[in-house]
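Peer 1: Pasting a structure here, questions to come.
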Amino acid sequence: MTHQADAYRIKAEPYYQAQGREVALFEAAYRNRLPVMVKGPTGCGKSRFVEYMAWKLGKPLITVACNEDMTASDLVGRYLLEGGGTRWLDGPLTTAARIGAICYLDEIVEARQDTTVVIHPLTDHRRVLPLDKKGELIEAHPDFQLVISYNPGYQSLMKDLKQSTKQRFAAFDFDYPEATLEATILATEAGVAPELAARLVQLGQTARNLKGHGLDEGISTRLMVYAAKLIRDGVDPADACRMALVRPITDDADIRATLDHAIDAIFA
Ligand SMILES: Nc1ncnc2c1ncn2[C@@H]1O[C@H](COP(=O)(O)OP(=O)(O)OP(=O)(O)O)[C@@H](O)[C@H]1O
Ligand SMILES: [Mg+2]
């Protein structure tokens, strides 16, 4: 079991730039083993935060990318045919509950509701996971914690969590970092000069102002790190920005033109 836990342990400290009091608040949630939900747009640091917290708390981390085809068995486990017989294989949620890991279900709203309800008994006072097919009831390890993330921007009425699911979690609202913090992140992650990082942030903010005016979602910190890395590698800044910041996010000719102009102005 310890061996299995070691496989999921985060070896080196992940770089995480705090945006506020979230580190201390997460620690308080963990001390009380409260399930945690992290909401925010794509590429704003949710996964990095969870990795950092797992490292800081010294707990193994098991991440599951959720999707609409996912079934409860994908989380909990299933019997496999082997030789003449069958063998039970734990799913990632079961493994996390057994070894005392932090289980991070990424983009939980993508999963169907009948899948989502399997987390219910684990996320209230019971802290158990019934393996119906196996006829086993697992009591979660004392260190186990469930963390889920989702992007409220993609949320539709069809794809929202039920209140009975939502109301099992303490929640964090994440957003793109404030300008100076975001510049620090770019400089640290990509190794670019602060002055260049500041220009990229300025460009990112221009694009974020277009959200709702033709853009569904602003430019993420993740894409800005991509642009910074390309520039650091010697790519012309305007090319890097078009390739990493503009082309991925929109096919709309007008918005591309607006952003291309902003790039020329900022890197002229
Ligand atoms: N606060 C931060 N500290 C350090 N790096 C950050 C931070 N925020 C964003 N980043 C950078 O942005 C990248 C994307 O962040 P992350 O993968 O955590 O996004 P996410 O919110 O989980 O997005 P998604 O919803 O698409 O999974 C990271 O790889 C990292 O380079
Ligand atoms: Mg993520």
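Ligands are numbered from 1 in the order shown, residues from 1 within each chain, and chains are lettered A, B, ... in the order they appear in the structure tokens.
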Using only C-alpha atoms and all ligand atoms, determine which residues fall within 9 Å of ligand 2, then list them as a list of chain:residue names.
Peer 2: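 The residues near ligand 2 are A:Thr42, A:Gly43, A:Cys44, A:Gly45, A:Lys46, A:Ser47, A:Arg48, A:Val50, A:Ala65, A:Asp106, A:Glu107, A:Ser149, A:Tyr150.
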Peer 1: Using only C-alpha atoms and all ligand atoms, tabulate the residues of chain A lying at most 9 Å from any atom of ligand 1, each with its closest atom pair and that distance in Å to one decimal, by chain and increasing residue number, as a Markdown table.
Peer 2:
| residue | atom | partner | partner_atom_place_in_ligand_line | distance |
| --- | --- | --- | --- | --- |
| A:Pro14 | CA | ligand 1 | 4 (C) | 8.0 |
| A:Tyr15 | CA | ligand 1 | 4 (C) | 5.3 |
| A:Tyr16 | CA | ligand 1 | 3 (N) | 3.6 |
| A:Gln17 | CA | ligand 1 | 3 (N) | 3.8 |
| A:Ala18 | CA | ligand 1 | 1 (N) | 5.4 |
| A:Gln19 | CA | ligand 1 | 1 (N) | 6.4 |
| A:Val38 | CA | ligand 1 | 21 (O) | 8.7 |
| A:Lys39 | CA | ligand 1 | 21 (O) | 8.2 |
| A:Gly40 | CA | ligand 1 | 21 (O) | 6.5 |
| A:Pro41 | CA | ligand 1 | 25 (O) | 5.9 |
| A:Thr42 | CA | ligand 1 | 25 (O) | 3.6 |
| A:Gly43 | CA | ligand 1 | 19 (O) | 3.3 |
| A:Cys44 | CA | ligand 1 | 21 (O) | 4.0 |
| A:Gly45 | CA | ligand 1 | 18 (O) | 3.1 |
| A:Lys46 | CA | ligand 1 | 21 (O) | 3.7 |
| A:Ser47 | CA | ligand 1 | 22 (O) | 3.6 |
| A:Arg48 | CA | ligand 1 | 18 (O) | 3.7 |
| A:Phe49 | CA | ligand 1 | 18 (O) | 6.2 |
| A:Val50 | CA | ligand 1 | 18 (O) | 7.9 |
| A:Glu51 | CA | ligand 1 | 18 (O) | 8.4 |
| A:Ala65 | CA | ligand 1 | 27 (O) | 8.9 |
| A:Asp106 | CA | ligand 1 | 27 (O) | 6.9 |
| A:Glu107 | CA | ligand 1 | 25 (O) | 7.1 |
| A:Ser149 | CA | ligand 1 | 25 (O) | 7.4 |
| A:Tyr150 | CA | ligand 1 | 25 (O) | 6.7 |
| A:Asn151 | CA | ligand 1 | 25 (O) | 6.2 |
| A:Phe174 | CA | ligand 1 | 21 (O) | 7.8 |
| A:Asp175 | CA | ligand 1 | 21 (O) | 8.3 |
| A:Tyr176 | CA | ligand 1 | 8 (N) | 7.2 |
| A:Pro177 | CA | ligand 1 | 1 (N) | 6.8 |
| A:Leu181 | CA | ligand 1 | 1 (N) | 7.9 |
| A:Glu182 | CA | ligand 1 | 8 (N) | 7.5 |
| A:Thr184 | CA | ligand 1 | 3 (N) | 8.8 |
| A:Ile185 | CA | ligand 1 | 4 (C) | 5.4 |
| A:Leu186 | CA | ligand 1 | 31 (O) | 7.6 |
| A:Thr188 | CA | ligand 1 | 4 (C) | 8.1 |
| A:Glu189 | CA | ligand 1 | 31 (O) | 5.8 |
| A:Ala190 | CA | ligand 1 | 31 (O) | 8.1 |
| A:Ser220 | CA | ligand 1 | 12 (O) | 7.4 |
| A:Thr221 | CA | ligand 1 | 12 (O) | 4.8 |
| A:Arg222 | CA | ligand 1 | 12 (O) | 3.8 |
| A:Leu223 | CA | ligand 1 | 12 (O) | 7.5 |
| A:Met224 | CA | ligand 1 | 12 (O) | 7.9 |
| A:Val225 | CA | ligand 1 | 31 (O) | 5.8 |
| A:Tyr226 | CA | ligand 1 | 31 (O) | 8.3 |
Peer 1: Could the residues in this selection be written to a file with C-alpha atoms, as a PDB file, in the first residue's frame?
Peer 2:
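Full text of result_37.pdb as output:
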ATOM      1  CA  PRO A  14       5.497  22.518  -7.968  1.00  0.00           C
ATOM      2  CA  TYR A  15       5.850  26.226  -8.640  1.00  0.00           C
ATOM      3  CA  TYR A  16       2.666  27.879  -7.463  1.00  0.00           C
ATOM      4  CA  GLN A  17       2.152  31.623  -7.139  1.00  0.00           C
ATOM      5  CA  ALA A  18      -0.618  32.208  -4.605  1.00  0.00           C
ATOM      6  CA  GLN A  19      -3.292  34.699  -5.566  1.00  0.00           C
ATOM      7  CA  VAL A  38     -12.157  24.669  -7.428  1.00  0.00           C
ATOM      8  CA  LYS A  39     -14.014  26.720 -10.025  1.00  0.00           C
ATOM      9  CA  GLY A  40     -12.517  28.908 -12.714  1.00  0.00           C
ATOM     10  CA  PRO A  41     -11.779  29.373 -16.405  1.00  0.00           C
ATOM     11  CA  THR A  42      -9.395  27.105 -18.301  1.00  0.00           C
ATOM     12  CA  GLY A  43      -5.682  27.574 -17.689  1.00  0.00           C
ATOM     13  CA  CYS A  44      -5.932  29.827 -14.638  1.00  0.00           C
ATOM     14  CA  GLY A  45      -3.996  27.625 -12.214  1.00  0.00           C
ATOM     15  CA  LYS A  46      -6.558  25.227 -10.706  1.00  0.00           C
ATOM     16  CA  SER A  47      -4.633  22.026 -11.360  1.00  0.00           C
ATOM     17  CA  ARG A  48      -1.332  23.626 -10.422  1.00  0.00           C
ATOM     18  CA  PHE A  49      -2.859  24.722  -7.113  1.00  0.00           C
ATOM     19  CA  VAL A  50      -4.097  21.212  -6.328  1.00  0.00           C
ATOM     20  CA  GLU A  51      -0.683  19.716  -7.218  1.00  0.00           C
ATOM     21  CA  ALA A  65      -9.944  13.738 -16.230  1.00  0.00           C
ATOM     22  CA  ASP A 106     -10.994  17.376 -13.188  1.00  0.00           C
ATOM     23  CA  GLU A 107     -13.981  18.846 -15.088  1.00  0.00           C
ATOM     24  CA  SER A 149     -12.756  21.285 -10.501  1.00  0.00           C
ATOM     25  CA  TYR A 150     -14.960  22.825 -13.083  1.00  0.00           C
ATOM     26  CA  ASN A 151     -15.216  25.714 -15.446  1.00  0.00           C
ATOM     27  CA  PHE A 174     -10.297  31.028  -9.270  1.00  0.00           C
ATOM     28  CA  ASP A 175      -9.675  33.538 -12.005  1.00  0.00           C
ATOM     29  CA  TYR A 176      -6.739  34.719 -14.099  1.00  0.00           C
ATOM     30  CA  PRO A 177      -4.144  36.206 -11.751  1.00  0.00           C
ATOM     31  CA  LEU A 181       1.194  38.241 -10.276  1.00  0.00           C
ATOM     32  CA  GLU A 182       0.572  36.984 -13.786  1.00  0.00           C
ATOM     33  CA  THR A 184       5.679  37.011 -12.157  1.00  0.00           C
ATOM     34  CA  ILE A 185       4.216  33.649 -13.195  1.00  0.00           C
ATOM     35  CA  LEU A 186       5.270  34.158 -16.833  1.00  0.00           C
ATOM     36  CA  THR A 188       9.202  32.297 -13.509  1.00  0.00           C
ATOM     37  CA  GLU A 189       7.569  29.600 -15.654  1.00  0.00           C
ATOM     38  CA  ALA A 190       9.118  30.607 -18.948  1.00  0.00           C
ATOM     39  CA  SER A 220      -5.523  31.787 -20.371  1.00  0.00           C
ATOM     40  CA  THR A 221      -2.400  32.082 -18.269  1.00  0.00           C
ATOM     41  CA  ARG A 222      -1.455  28.714 -19.787  1.00  0.00           C
ATOM     42  CA  LEU A 223      -1.384  30.163 -23.317  1.00  0.00           C
ATOM     43  CA  MET A 224       0.559  33.170 -22.116  1.00  0.00           C
ATOM     44  CA  VAL A 225       3.176  30.811 -20.701  1.00  0.00           C
ATOM     45  CA  TYR A 226       3.310  29.140 -24.148  1.00  0.00           C
TER      46      TYR A 226
END
Peer 1: List the spatial neighbours of Ala187 (chain A) as a count of residues only - criterion: any atom at most 9 Å away, only C-alpha atoms, same-chain residues fewer than 5 positions off excluded.
Peer 2: 10
Peer 1: Using only C-alpha atoms, which residue out of A:Val147, A:Ala265, A:Ala170, A:Leu131 lies closest to Ala28 (chain A)?
Peer 2: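 Comparing A:Val147, A:Ala265, A:Ala170, A:Leu131 against Ala28 (chain A), the winner is A:Ala170.
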Peer 1: Which residue is closest to Val246 (chain A)? Choose from A:Arg208, A:Lys229, A:Arg126, A:Arg78 and count only C-alpha atoms.
Peer 2: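 Nearest to Val246 (chain A): A:Arg208.
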Peer 1: For Val118 (chain A), work out the shell of residues within 10 Å, counting only C-alpha atoms and skipping chain neighbours fewer than 2 positions away, then give it as a list in words.
Peer 2: Thr71, Ala72, Ser73, Leu75, Val76, Leu93, Gln113, Asp114, Thr115, Thr116, His120, Pro121, Leu122, Thr123, Leu129, Pro130 and Leu131 of chain A
Peer 1: Find the distance between CA of Arg31 (chain A) and CA of Asn67 (chain A) and write it in Å to one decimal.
Peer 2: 29.8 Å
Peer 1: What's the 10 Å shell around Asp264 (chain A), counting only C-alpha atoms, without same-chain residues fewer than 3 positions away, as a list in words?
Peer 2: Pro237, Ala238, Cys241, Leu259, Asp260, His261, Phe267 and Ala268 of chain A
Peer 1: Just asking: which residues within region 21-252 of chain A are helix (DSSP H, G or I) according to DSSP, as JSON, numbers by chain?
Peer 2: {"A": [22, 23, 24, 25, 26, 27, 28, 29, 30, 31, 46, 47, 48, 49, 50, 51, 52, 53, 54, 55, 56, 57, 72, 73, 74, 75, 76, 92, 93, 94, 95, 96, 97, 98, 99, 108, 109, 110, 113, 114, 115, 116, 117, 118, 119, 120, 121, 122, 152, 153, 154, 163, 164, 165, 166, 179, 180, 181, 182, 183, 184, 185, 186, 187, 188, 189, 190, 194, 195, 196, 197, 198, 199, 200, 201, 202, 203, 204, 205, 206, 207, 208, 221, 222, 223, 224, 225, 226, 227, 228, 229, 230, 231, 232, 237, 238, 239, 240, 241, 242, 243, 244, 245, 246]}
Peer 1: Which one of A:Ala207, A:Ala97, A:Ala183, A:Ala111 sits closest to Phe144 (chain A) if you count only C-alpha atoms?
Peer 2: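 Closest to Phe144 (chain A) of all the choices is A:Ala97.
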Peer 1: Near Met53 (chain A), counting only C-alpha atoms, which residues have an atom at most 8 Å away, once you skip same-chain residues fewer than 3 positions from it, shown as an NGL selection string?
Peer 2: :A and (23 or 26-27 or 49-50 or 56-57)
Peer 1: Restrict the selected residues to N, CA and C atoms and save them as a compact mmCIF listing (two decimals), in the first residue's frame.
Peer 2:
# COMPACT_ATOMS: atom_id res chain seq x y z
N VAL A 23 -4.00 29.12 -0.01
CA VAL A 23 -3.18 28.02 0.52
C VAL A 23 -3.59 27.71 1.96
N PHE A 26 -7.11 26.20 2.02
CA PHE A 26 -7.14 24.79 1.62
C PHE A 26 -6.63 23.92 2.77
N GLU A 27 -5.57 24.39 3.44
CA GLU A 27 -5.04 23.60 4.56
C GLU A 27 -6.10 23.42 5.64
N PHE A 49 -2.57 24.49 -8.53
CA PHE A 49 -2.86 24.72 -7.11
C PHE A 49 -3.05 23.39 -6.38
N VAL A 50 -3.83 22.49 -6.98
CA VAL A 50 -4.10 21.21 -6.33
C VAL A 50 -2.80 20.39 -6.22
N LYS A 56 2.47 20.11 -0.64
CA LYS A 56 2.65 20.79 0.64
C LYS A 56 2.13 19.94 1.80
N LEU A 57 1.02 19.23 1.57
CA LEU A 57 0.44 18.40 2.62
C LEU A 57 1.12 17.03 2.67
Peer 1: Apply DSSP to the backbone of this structure and, from region 117-218 of chain A, keep only the residues in strand (DSSP E); write these as a compact mmCIF listing (two decimals) with C-alpha atoms, in the first residue's frame.
Peer 2:
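Result written to part12.txt:
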# COMPACT_ATOMS: atom_id res chain seq x y z
CA VAL A 128 -17.38 5.27 2.61
CA LEU A 129 -17.35 3.94 -0.92
CA PRO A 130 -19.61 1.01 -1.74
CA LEU A 131 -18.21 -1.30 -4.42
CA GLU A 136 -17.45 -4.52 -0.56
CA LEU A 137 -17.79 -1.34 1.46
CA ILE A 138 -14.58 0.64 1.72
CA GLU A 139 -14.03 3.03 4.58
CA GLN A 145 -9.78 13.97 0.40
CA LEU A 146 -11.84 14.61 -2.68
CA VAL A 147 -11.19 17.70 -4.82
CA ILE A 148 -13.18 18.54 -7.95
CA SER A 149 -12.76 21.29 -10.50
CA TYR A 150 -14.96 22.82 -13.08
CA ALA A 170 -16.25 23.97 0.21
CA ALA A 171 -15.44 26.04 -2.87
CA PHE A 172 -12.75 28.30 -4.29
CA ASP A 173 -13.37 30.77 -7.09
Peer 1: So what do you get for CA of Leu25 (chain A) versus CA of Gln167 (chain A), distance-wise?
Peer 2: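 We find that CA of Leu25 (chain A) and CA of Gln167 (chain A) lie 17.8 Å from each other.
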Peer 1: Quick one: of A:Arg98, A:His3, A:Arg247, A:Arg232, who's nearest to Ile219 (chain A), counting only C-alpha atoms?
Peer 2: A:Arg247
Peer 1: Please identify all polymer residues within 12 Å of region 250-255 of chain A, counting only C-alpha atoms, omitting same-chain residues fewer than 2 positions from it, and present them as a PyMOL selection string.
Peer 2: chain A and resi 206-219+242-248+257-262
Peer 1: Select, from A:Ala140, A:Leu89, A:Ile249, A:Ala12, the residue with the minimum atom-to-atom distance to Ile119 (chain A), counting only C-alpha atoms.
Peer 2: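 Closest residue, counting only C-alpha atoms: A:Ala140.
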Peer 1: One decimal, Å: what's the distance from CA of Trp55 (chain A) over to CA of Ile99 (chain A), could you say?
Peer 2: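 CA of Ile99 (chain A) lies 15.7 Å from CA of Trp55 (chain A).
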Peer 1: For each of A:Lys59, A:Val64, A:Lys134, A:Lys166, take the minimum atom-to-atom distance to Tyr79 (chain A), counting only C-alpha atoms, then give the residue where this is smallest.
Peer 2: A:Lys134
